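*Asks:* My structure file entry-v5.cif, mmCIF, C-alpha atoms, is below:
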```cif
data_entry
loop_
_atom_site.label_atom_id
_atom_site.label_comp_id
_atom_site.auth_asym_id
_atom_site.auth_seq_id
_atom_site.Cartn_x
_atom_site.Cartn_y
_atom_site.Cartn_z
CA MET A 656 26.59 4.86 14.32
CA ALA A 657 26.37 5.20 10.56
CA ARG A 658 24.12 7.83 9.17
CA THR A 659 23.71 6.49 5.67
CA ARG A 660 20.21 7.10 4.50
CA VAL A 661 18.35 4.18 2.90
CA ARG A 662 15.38 4.93 0.75
CA ILE A 663 12.88 3.06 -1.31
CA THR A 664 12.16 4.95 -4.49
CA PRO A 665 8.60 4.41 -5.68
CA VAL A 666 8.38 2.67 -9.00
CA LEU A 667 7.42 5.29 -11.53
CA ALA A 668 6.92 2.84 -14.34
CA LEU A 669 3.36 3.64 -15.34
CA THR A 670 2.67 6.63 -17.55
CA LEU A 671 -0.48 7.60 -19.37
CA THR A 672 -0.40 7.41 -23.11
CA ALA A 673 -2.09 10.21 -25.03
CA GLY A 674 -5.82 10.02 -24.85
CA LEU A 675 -5.89 7.18 -22.31
CA ALA A 676 -7.40 8.33 -19.07
CA LEU A 677 -8.07 4.98 -17.45
CA THR A 678 -5.24 2.60 -16.61
CA VAL A 679 -6.31 -0.97 -17.30
CA THR A 680 -4.55 -3.76 -15.47
CA GLY A 681 -5.00 -7.48 -16.19
CA CYS A 682 -4.99 -9.60 -13.09
CA GLY A 683 -4.02 -13.13 -14.07
CA GLY A 684 -6.10 -16.24 -14.35
CA ASP A 685 -7.90 -17.17 -17.53
CA GLY A 686 -9.78 -13.91 -17.76
CA GLU A 687 -8.58 -10.89 -19.70
CA SER A 688 -9.09 -7.27 -18.82
CA THR A 689 -11.03 -5.24 -21.33
CA SER A 690 -10.11 -1.66 -22.06
CA SER A 691 -13.45 -0.70 -23.55
CA GLY A 692 -16.13 0.89 -21.46
CA ALA A 693 -18.41 -2.14 -21.66
CA LYS A 694 -18.88 -4.42 -18.70
CA ASN A 695 -17.36 -7.87 -18.85
CA SER A 696 -19.72 -10.20 -20.69
CA SER A 697 -18.64 -13.14 -18.49
CA ASP A 698 -19.65 -13.77 -14.90
CA LYS A 699 -16.41 -12.24 -13.68
CA PRO A 700 -17.08 -8.88 -12.04
CA VAL A 701 -15.59 -5.71 -13.45
CA VAL A 702 -13.84 -3.90 -10.60
CA VAL A 703 -12.78 -0.27 -10.88
CA ALA A 704 -10.33 0.76 -8.17
CA THR A 705 -9.25 4.31 -7.48
CA THR A 706 -5.59 3.34 -6.88
CA THR A 707 -3.27 0.36 -7.18
CA TRP A 708 -3.69 -0.26 -3.45
CA GLU A 709 -7.42 -0.95 -3.75
CA GLY A 710 -6.71 -2.73 -7.02
CA ALA A 711 -4.16 -5.05 -5.42
CA LEU A 712 -6.61 -5.96 -2.66
CA ALA A 713 -9.22 -6.77 -5.30
CA LYS A 714 -6.73 -8.93 -7.22
CA ALA A 715 -5.73 -10.76 -4.05
CA ALA A 716 -9.42 -11.37 -3.38
CA GLY A 717 -9.73 -13.12 -6.74
CA ALA A 718 -11.00 -10.40 -9.10
CA GLN A 719 -9.64 -10.88 -12.62
CA ASP A 720 -10.88 -7.74 -14.35
CA VAL A 721 -9.48 -4.85 -12.31
CA ARG A 722 -9.16 -1.32 -13.70
CA VAL A 723 -7.24 1.41 -11.89
CA ILE A 724 -8.00 5.12 -12.19
CA VAL A 725 -5.03 6.86 -10.56
CA PRO A 726 -1.76 6.24 -12.43
CA GLN A 727 0.84 4.45 -10.32
CA SER A 728 3.28 7.21 -11.25
CA VAL A 729 1.38 9.62 -8.97
CA GLN A 730 3.43 9.51 -5.77
CA HIS A 731 0.67 10.91 -3.56
CA ALA A 732 -2.51 9.36 -4.96
CA PRO A 733 -4.97 11.69 -3.17
CA ASP A 734 -3.51 14.58 -5.21
CA TYR A 735 -4.87 13.12 -8.45
CA ASP A 736 -7.78 14.93 -10.09
CA PRO A 737 -9.96 12.40 -11.96
CA LYS A 738 -10.74 13.34 -15.56
CA PRO A 739 -14.29 13.24 -16.93
CA SER A 740 -13.37 10.13 -18.90
CA ASP A 741 -12.15 8.46 -15.69
CA LEU A 742 -15.48 9.13 -14.07
CA ALA A 743 -17.39 7.92 -17.12
CA ALA A 744 -15.57 4.59 -16.94
CA VAL A 745 -16.62 4.18 -13.30
CA ALA A 746 -20.25 3.90 -14.41
CA ASP A 747 -19.43 0.69 -16.31
CA ALA A 748 -18.15 -1.15 -13.24
CA ASP A 749 -19.83 -3.84 -11.19
CA TYR A 750 -17.86 -2.73 -8.14
CA VAL A 751 -16.10 0.55 -7.43
CA LEU A 752 -13.46 0.45 -4.72
CA TYR A 753 -12.32 3.66 -3.02
CA ALA A 754 -10.90 4.88 0.27
CA PRO A 755 -12.79 7.45 2.35
CA PHE A 756 -9.75 9.71 2.77
CA GLU A 757 -9.40 10.21 -0.98
CA PRO A 758 -10.67 13.74 -1.77
CA TYR A 759 -12.26 12.59 -5.04
CA ALA A 760 -14.42 9.98 -3.27
CA ALA A 761 -17.52 12.15 -3.64
CA LYS A 762 -16.96 12.42 -7.40
CA ILE A 763 -16.49 8.67 -7.62
CA LYS A 764 -19.74 8.04 -5.74
CA GLU A 765 -21.67 10.39 -7.99
CA ALA A 766 -20.22 8.90 -11.18
CA ALA A 767 -20.91 5.31 -10.15
CA GLY A 768 -24.65 5.68 -10.62
CA SER A 769 -27.10 3.01 -9.55
CA ASP A 770 -25.62 -0.02 -11.33
CA ALA A 771 -22.22 -0.18 -9.65
CA GLU A 772 -21.80 -1.26 -6.06
CA LEU A 773 -19.68 1.22 -4.11
CA VAL A 774 -17.23 -0.42 -1.73
CA GLU A 775 -15.33 1.63 0.84
CA VAL A 776 -11.95 -0.02 1.37
CA SER A 777 -9.76 0.18 4.44
CA LEU A 778 -6.17 0.73 3.31
CA ASP A 779 -3.72 -0.65 5.84
CA ASN A 780 -0.80 -2.97 5.10
CA ASP A 781 -0.89 -4.44 8.58
CA ALA A 782 -0.86 -8.16 7.70
CA ASP A 783 -3.98 -9.09 9.66
CA LYS A 784 -5.97 -6.11 8.41
CA ALA A 785 -4.96 -6.67 4.79
CA LYS A 786 -6.01 -10.32 4.95
CA ALA A 787 -9.32 -9.39 6.55
CA GLU A 788 -10.02 -6.91 3.75
CA VAL A 789 -9.16 -9.51 1.09
CA THR A 790 -11.57 -11.97 2.72
CA ARG A 791 -14.33 -9.36 2.88
CA LEU A 792 -13.95 -8.43 -0.79
CA ALA A 793 -13.87 -12.08 -1.86
CA LYS A 794 -17.27 -12.65 -0.25
CA MET A 795 -18.67 -9.78 -2.34
CA PHE A 796 -17.08 -11.05 -5.55
CA GLY A 797 -17.90 -14.72 -4.94
CA THR A 798 -14.20 -15.59 -5.21
CA GLN A 799 -13.55 -17.09 -1.78
CA ASP A 800 -11.50 -20.02 -3.12
CA ALA A 801 -9.07 -17.71 -4.92
CA ALA A 802 -8.78 -15.51 -1.85
CA ALA A 803 -8.06 -18.52 0.35
CA ARG A 804 -5.22 -19.57 -1.95
CA TRP A 805 -3.78 -16.06 -1.88
CA THR A 806 -4.03 -15.91 1.92
CA ALA A 807 -2.19 -19.21 2.30
CA SER A 808 0.56 -17.94 0.01
CA PHE A 809 0.71 -14.66 1.90
CA ASP A 810 0.98 -16.36 5.30
CA SER A 811 3.83 -18.54 4.08
CA GLU A 812 5.84 -15.70 2.55
CA TYR A 813 5.13 -13.23 5.35
CA GLY A 814 6.35 -15.78 7.88
CA THR A 815 9.56 -16.25 5.90
CA LEU A 816 10.12 -12.50 5.72
CA GLN A 817 9.67 -12.20 9.48
CA LYS A 818 12.22 -14.96 10.12
CA ASP A 819 14.72 -13.40 7.73
CA LEU A 820 14.34 -9.99 9.35
CA LYS A 821 14.74 -11.40 12.85
CA ALA A 822 17.96 -13.10 11.75
CA GLN A 823 19.32 -9.64 10.83
CA TRP A 824 18.54 -7.89 14.12
CA PRO A 825 21.65 -5.88 15.13
CA ASP A 826 23.59 -7.93 17.70
CA GLY A 827 20.62 -10.28 17.85
CA LYS A 828 18.50 -7.66 19.62
CA ARG A 829 15.13 -6.25 18.60
CA PRO A 830 15.82 -2.89 16.87
CA THR A 831 14.29 0.31 18.21
CA VAL A 832 12.38 2.26 15.58
CA VAL A 833 10.12 5.24 15.14
CA ALA A 834 7.68 5.21 12.26
CA GLN A 835 5.28 7.38 10.35
CA VAL A 836 1.77 6.28 11.30
CA PHE A 837 1.14 4.65 7.91
CA SER A 838 4.42 2.71 8.06
CA THR A 839 4.02 1.00 11.43
CA TRP A 840 3.09 -2.25 9.68
CA ALA A 841 6.71 -2.55 8.52
CA ALA A 842 7.92 -2.24 12.11
CA LYS A 843 5.54 -5.02 13.11
CA MET A 844 6.79 -7.24 10.28
CA ALA A 845 10.38 -6.67 11.41
CA GLY A 846 9.54 -7.49 15.02
CA ALA A 847 10.93 -4.10 16.01
CA ASP A 848 10.40 -2.17 19.22
CA LEU A 849 8.17 0.71 18.09
CA ALA A 850 9.30 3.55 20.35
CA GLY A 851 7.21 6.30 18.77
CA THR A 852 5.21 7.48 15.77
CA TYR A 853 4.72 10.72 13.88
CA GLY A 854 2.42 12.18 11.21
CA PRO A 855 0.41 12.43 9.15
CA GLU A 856 0.58 16.09 10.20
CA ALA A 857 3.86 17.97 9.94
CA VAL A 858 6.32 17.03 12.67
CA THR A 859 6.85 19.75 15.25
CA ALA A 860 10.17 20.68 16.80
CA LYS A 861 9.08 19.15 20.11
CA GLN A 862 8.11 15.89 18.42
CA LEU A 863 11.49 15.75 16.72
CA SER A 864 13.21 16.27 20.03
CA ASP A 865 11.10 13.65 21.79
CA LEU A 866 11.60 11.10 19.01
CA SER A 867 15.35 11.67 18.94
CA LYS A 868 15.51 10.99 22.67
CA LYS A 869 14.18 7.50 21.96
CA LYS A 870 17.53 6.81 20.27
CA PRO A 871 16.00 4.86 17.40
CA GLN A 872 18.16 2.73 15.16
CA LEU A 873 15.68 3.04 12.30
CA VAL A 874 13.16 5.60 11.05
CA LEU A 875 10.42 4.04 8.93
CA ASN A 876 9.17 6.96 6.88
CA ASN A 877 6.21 7.09 4.48
CA ALA A 878 7.53 7.41 0.92
CA HIS A 879 4.25 8.90 -0.27
CA MET A 880 4.31 11.77 2.23
CA THR A 881 8.03 12.23 2.71
CA THR A 882 9.56 15.61 3.49
CA GLY A 883 13.15 14.41 3.54
CA THR A 884 15.25 13.24 6.46
CA VAL A 885 13.03 13.03 9.54
CA LEU A 886 15.65 12.86 12.31
CA PRO A 887 18.79 14.24 10.66
CA ASP A 888 20.87 14.44 13.83
CA SER A 889 19.83 11.15 15.44
CA GLY A 890 22.16 8.84 13.53
CA ALA A 891 19.19 6.61 12.70
CA GLU A 892 18.98 4.82 9.37
CA GLN A 893 15.92 6.02 7.42
CA VAL A 894 13.84 3.76 5.20
CA ASP A 895 11.10 5.26 3.06
CA ILE A 896 8.34 2.64 3.06
CA VAL A 897 6.18 2.31 -0.05
CA ASN A 898 2.56 1.40 0.62
CA TYR A 899 1.14 1.35 -2.90
CA PRO A 900 1.75 -1.72 -5.10
CA GLY A 901 3.07 -1.39 -8.63
CA GLU A 902 1.05 -1.58 -11.83
CA ASP A 903 1.11 -5.40 -11.63
CA LEU A 904 -1.06 -5.09 -8.48
CA ASP A 905 1.13 -7.53 -6.58
CA LEU A 906 0.42 -6.79 -2.93
CA LEU A 907 3.04 -9.25 -1.70
CA ALA A 908 5.74 -7.28 -3.51
CA VAL A 909 5.11 -4.38 -1.10
CA TYR A 910 6.11 -6.60 1.84
CA ARG A 911 9.10 -8.10 0.02
CA ASP A 912 10.47 -4.69 -0.92
CA ALA A 913 9.98 -3.26 2.56
CA ALA A 914 11.64 -6.27 4.16
CA GLN A 915 14.64 -6.00 1.87
CA MET A 916 15.19 -2.33 2.64
CA VAL A 917 14.66 -2.72 6.39
CA GLU A 918 17.12 -5.61 6.38
CA THR A 919 19.69 -3.47 4.58
CA ALA A 920 19.14 -0.61 7.03
CA MET A 921 19.60 -2.88 10.04
CA ALA A 922 22.87 -4.15 8.62
CA ALA A 923 24.09 -0.55 8.28
CA SER A 924 22.96 0.62 11.73
#
```
Let me see whether you can do it: turn the structure in this file into C-alpha cells.
*Replies:*
Amino acid sequence: MARTRVRITPVLALTLTAGLALTVTGCGGDGESTSSGAKNSSDKPVVVATTTWEGALAKAAGAQDVRVIVPQSVQHAPDYDPKPSDLAAVADADYVLYAPFEPYAAKIKEAAGSDAELVEVSLDNDADKAKAEVTRLAKMFGTQDAAARWTASFDSEYGTLQKDLKAQWPDGKRPTVVAQVFSTWAAKMAGADLAGTYGPEAVTAKQLSDLSKKKPQLVLNNAHMTTGTVLPDSGAEQVDIVNYPGEDLDLLAVYRDAAQMVETAMAAS
C-alpha cells in the first residue's frame, strides 16, 4: 500500500495590517460591513465572532455584518490572545458569538457588557449539527428565510459530495479510517467505516498500536492540532482536515476541500 502523505494546508491568507486589531469581514447581500466601532445603523444585527468558524455559522444563518476577532492566519485559534482593542470592539456588537472551549471566553464575556447578547456556539462540522446551529442562530437574528436558503443549498451540495466520495471508494468498498475526534465529520461525509478515534490529548504508544491494528486505509487528522504523521508505520494515507473556514466565511468550502482531499487519498490508498 502506498504511504504517500496527503495534507490540507490551512489557508494563511489573512494577515493583520498595522494598527488593525479587528478583522472585518463582509458577508454578502445588500448590506456592507462597517469597520468603525459604531453599531450598524440599519436593522441588520452587528455580529462579532471570535473566529471564522463562528463567523461562518453566523453568515450561513443570514447575518450580513459579521466581524471576526481571531485572524484566520492563526492555525490554532484558542492560542490567540485578544488585544484591548479587540475587546473594545466587542462592546459595540448586538451579538457576540464564542465557543466555551476558547480560553479567552471569560474576557469576551466581560468585554461584551450589558448591550450585547452573548451566544455560546457549538462548533462541530457534523452536517446535522452545523445545520441545527445555523437554524438556531437565524431565529435569534430574525433571518430564518436566509438560513433556509442556505440549508437547501448545503443539503444539495453535501449530497453531491457524498455521492462523489462513494464513487471513489477503493474497489467499491467502504474505506476503513481512524480519525481525530474533531475530524470524524469528514469520515461520516465519506461514508467510511470509522474504526477508531484519537485525541484531543496526545496519543499514547498503546493507542498507536491499537489504531494500527485496525489496518486503516485513511487517517483523518486535525490540521489545527497536528503533530505530524499519526501512524507512520501503518501504510495509511493521512489527510489533515481543516475545520475553520477562510476569511470569506464560506462554510461550504470546508466540506468541498475536505471531500477533495479525502477523494485524492482514497485514490492513492
*Asks:* Can you give me, as a PyMOL selection string, the residues this file yields under the PyMOL selection byres ((chain A and resi 897) around 9)?
*Replies:* chain A and resi 663-665+838+876-879+895-896+898-900+909+912-913
*Asks:* I need the output of the PyMOL selection byres ((chain A and resi 781) around 9) for this file as a PDB file with C-alpha atoms, in the frame of the given file; which residues are they?
*Replies:*
```
ATOM      1  CA  ASP A 779      -3.720  -0.650   5.840  1.00  0.00           C
ATOM      2  CA  ASN A 780      -0.800  -2.970   5.100  1.00  0.00           C
ATOM      3  CA  ALA A 782      -0.860  -8.160   7.700  1.00  0.00           C
ATOM      4  CA  ASP A 783      -3.980  -9.090   9.660  1.00  0.00           C
ATOM      5  CA  LYS A 784      -5.970  -6.110   8.410  1.00  0.00           C
ATOM      6  CA  ALA A 785      -4.960  -6.670   4.790  1.00  0.00           C
ATOM      7  CA  LYS A 786      -6.010 -10.320   4.950  1.00  0.00           C
ATOM      8  CA  SER A 838       4.420   2.710   8.060  1.00  0.00           C
ATOM      9  CA  THR A 839       4.020   1.000  11.430  1.00  0.00           C
ATOM     10  CA  TRP A 840       3.090  -2.250   9.680  1.00  0.00           C
ATOM     11  CA  ALA A 841       6.710  -2.550   8.520  1.00  0.00           C
ATOM     12  CA  LYS A 843       5.540  -5.020  13.110  1.00  0.00           C
ATOM     13  CA  MET A 844       6.790  -7.240  10.280  1.00  0.00           C
TER      14      MET A 844
END
```
*Asks:* To one decimal in Å, tell me the separation between atom CA of Val885 of chain A and atom CA of Ser777 of chain A.
*Replies:*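 Computing the Euclidean distance for atom CA of Val885 of chain A and atom CA of Ser777 of chain A yields 26.7 Å.
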*Asks:* Would you please work out which residue, of A:Ala715, A:Ala891, A:Ile763, A:Ala801, is nearest to Asp741 of chain A when using all atoms listed in the file?
*Replies:*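 For Asp741 of chain A, the nearest of the candidates is A:Ile763.
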*Asks:* Segment 856-863 of chain A: which residues within 8 Å, counting all atoms listed in the file, same-chain residues fewer than 3 positions away excluded, as a PyMOL selection string?
*Replies:* chain A and resi 853+866-867+885-886
*Asks:* Export C-alpha atoms of the chosen residues as an mmCIF file, keeping the file's coordinate frame?
*Replies:*
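So result11.cif came out as:
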```
data_model
loop_
_atom_site.group_PDB
_atom_site.id
_atom_site.type_symbol
_atom_site.label_atom_id
_atom_site.label_comp_id
_atom_site.auth_asym_id
_atom_site.auth_seq_id
_atom_site.Cartn_x
_atom_site.Cartn_y
_atom_site.Cartn_z
ATOM 1 C CA TYR A 853 4.720 10.720 13.880
ATOM 2 C CA LEU A 866 11.600 11.100 19.010
ATOM 3 C CA SER A 867 15.350 11.670 18.940
ATOM 4 C CA VAL A 885 13.030 13.030 9.540
ATOM 5 C CA LEU A 886 15.650 12.860 12.310
#
```
*Asks:* Set the distance at 12 Å and use only C-alpha atoms: which residues neighbour Leu849 of chain A once local chain neighbours fewer than 2 positions away are removed? I'd like the list as JSON, numbers by chain.
*Replies:* {"A": [829, 830, 831, 832, 833, 834, 835, 836, 838, 839, 840, 841, 842, 843, 844, 845, 846, 847, 851, 852, 853, 866, 869, 870, 871, 872, 873, 874, 875]}
*Asks:* Rounded to one decimal in Å, what is the spacing between atom CA of Leu773 of chain A and atom CA of Val789 of chain A?
*Replies:*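 According to the coordinates, atom CA of Leu773 of chain A and atom CA of Val789 of chain A are separated by 15.9 Å.
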*Asks:* Quote the spacing between atom CA of Ala793 of chain A and atom CA of Gly717 of chain A in Å to one decimal place.
*Replies:*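 According to the coordinates, atom CA of Ala793 of chain A and atom CA of Gly717 of chain A are separated by 6.5 Å.
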*Asks:* Using all atoms listed in the file, find the one residue out of A:Ala732, A:Ala908, A:Ala760, A:Val894 that sits nearest to Ala923 of chain A.
*Replies:*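 Closest to Ala923 of chain A, using all atoms listed in the file: A:Val894.
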*Asks:* Counting all atoms listed in the file, what is within 12 Å of Asp826 of chain A, bar same-chain residues fewer than 6 positions away, as a PDB file with C-alpha atoms, in the frame of the given file?
*Replies:*
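Wrote it out as out10.pdb, contents follow:
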```pdb
ATOM      1  CA  MET A 921      19.600  -2.880  10.040  1.00  0.00           C
ATOM      2  CA  ALA A 922      22.870  -4.150   8.620  1.00  0.00           C
ATOM      3  CA  ALA A 923      24.090  -0.550   8.280  1.00  0.00           C
ATOM      4  CA  SER A 924      22.960   0.620  11.730  1.00  0.00           C
TER       5      SER A 924
END
```
*Asks:* Looking at only C-alpha atoms, which of A:Val701, A:Ala787, A:Thr707, A:Thr884 is the one that sits closest to Gln730 of chain A?
*Replies:*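 Looking only at the distances to Gln730 of chain A, the closest residue turns out to be A:Thr707.
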*Asks:* Using all atoms listed in the file, find all polymer residues with an atom at most 9 Å away from the point (1.4, -5.7, -10.0); report them as a PyMOL selection string.
*Replies:* chain A and resi 680+682+707+711+900-906+908
*Asks:* Grab the residues selected above and save them as an mmCIF file, in the coordinates of the input with C-alpha atoms.
*Replies:*
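again33.cif, freshly written:
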```
data_model
loop_
_atom_site.group_PDB
_atom_site.id
_atom_site.type_symbol
_atom_site.label_atom_id
_atom_site.label_comp_id
_atom_site.auth_asym_id
_atom_site.auth_seq_id
_atom_site.Cartn_x
_atom_site.Cartn_y
_atom_site.Cartn_z
ATOM 1 C CA THR A 680 -4.550 -3.760 -15.470
ATOM 2 C CA CYS A 682 -4.990 -9.600 -13.090
ATOM 3 C CA THR A 707 -3.270 0.360 -7.180
ATOM 4 C CA ALA A 711 -4.160 -5.050 -5.420
ATOM 5 C CA PRO A 900 1.750 -1.720 -5.100
ATOM 6 C CA GLY A 901 3.070 -1.390 -8.630
ATOM 7 C CA GLU A 902 1.050 -1.580 -11.830
ATOM 8 C CA ASP A 903 1.110 -5.400 -11.630
ATOM 9 C CA LEU A 904 -1.060 -5.090 -8.480
ATOM 10 C CA ASP A 905 1.130 -7.530 -6.580
ATOM 11 C CA LEU A 906 0.420 -6.790 -2.930
ATOM 12 C CA ALA A 908 5.740 -7.280 -3.510
#
```
*Asks:* If the PyMOL selection byres ((chain A and resi 770) around 12) is run on the structure shown, which residues does it catch, given as a list in words?
*Replies:*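 For this structure, the PyMOL selection byres ((chain A and resi 770) around 12) captures Lys694, Val701, Val745, Ala746, Asp747, Ala748, Asp749, Tyr750, Val751, Lys764, Glu765, Ala766, Ala767, Gly768, Ser769, Ala771, Glu772 and Leu773 of chain A.
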*Asks:* For a quick check of understanding, using only C-alpha atoms, which of A:Lys714, A:Lys821, A:Lys828, A:His731 has the smallest distance to Leu792 of chain A?
*Replies:*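 Under the stated criterion, the closest residue is A:Lys714.
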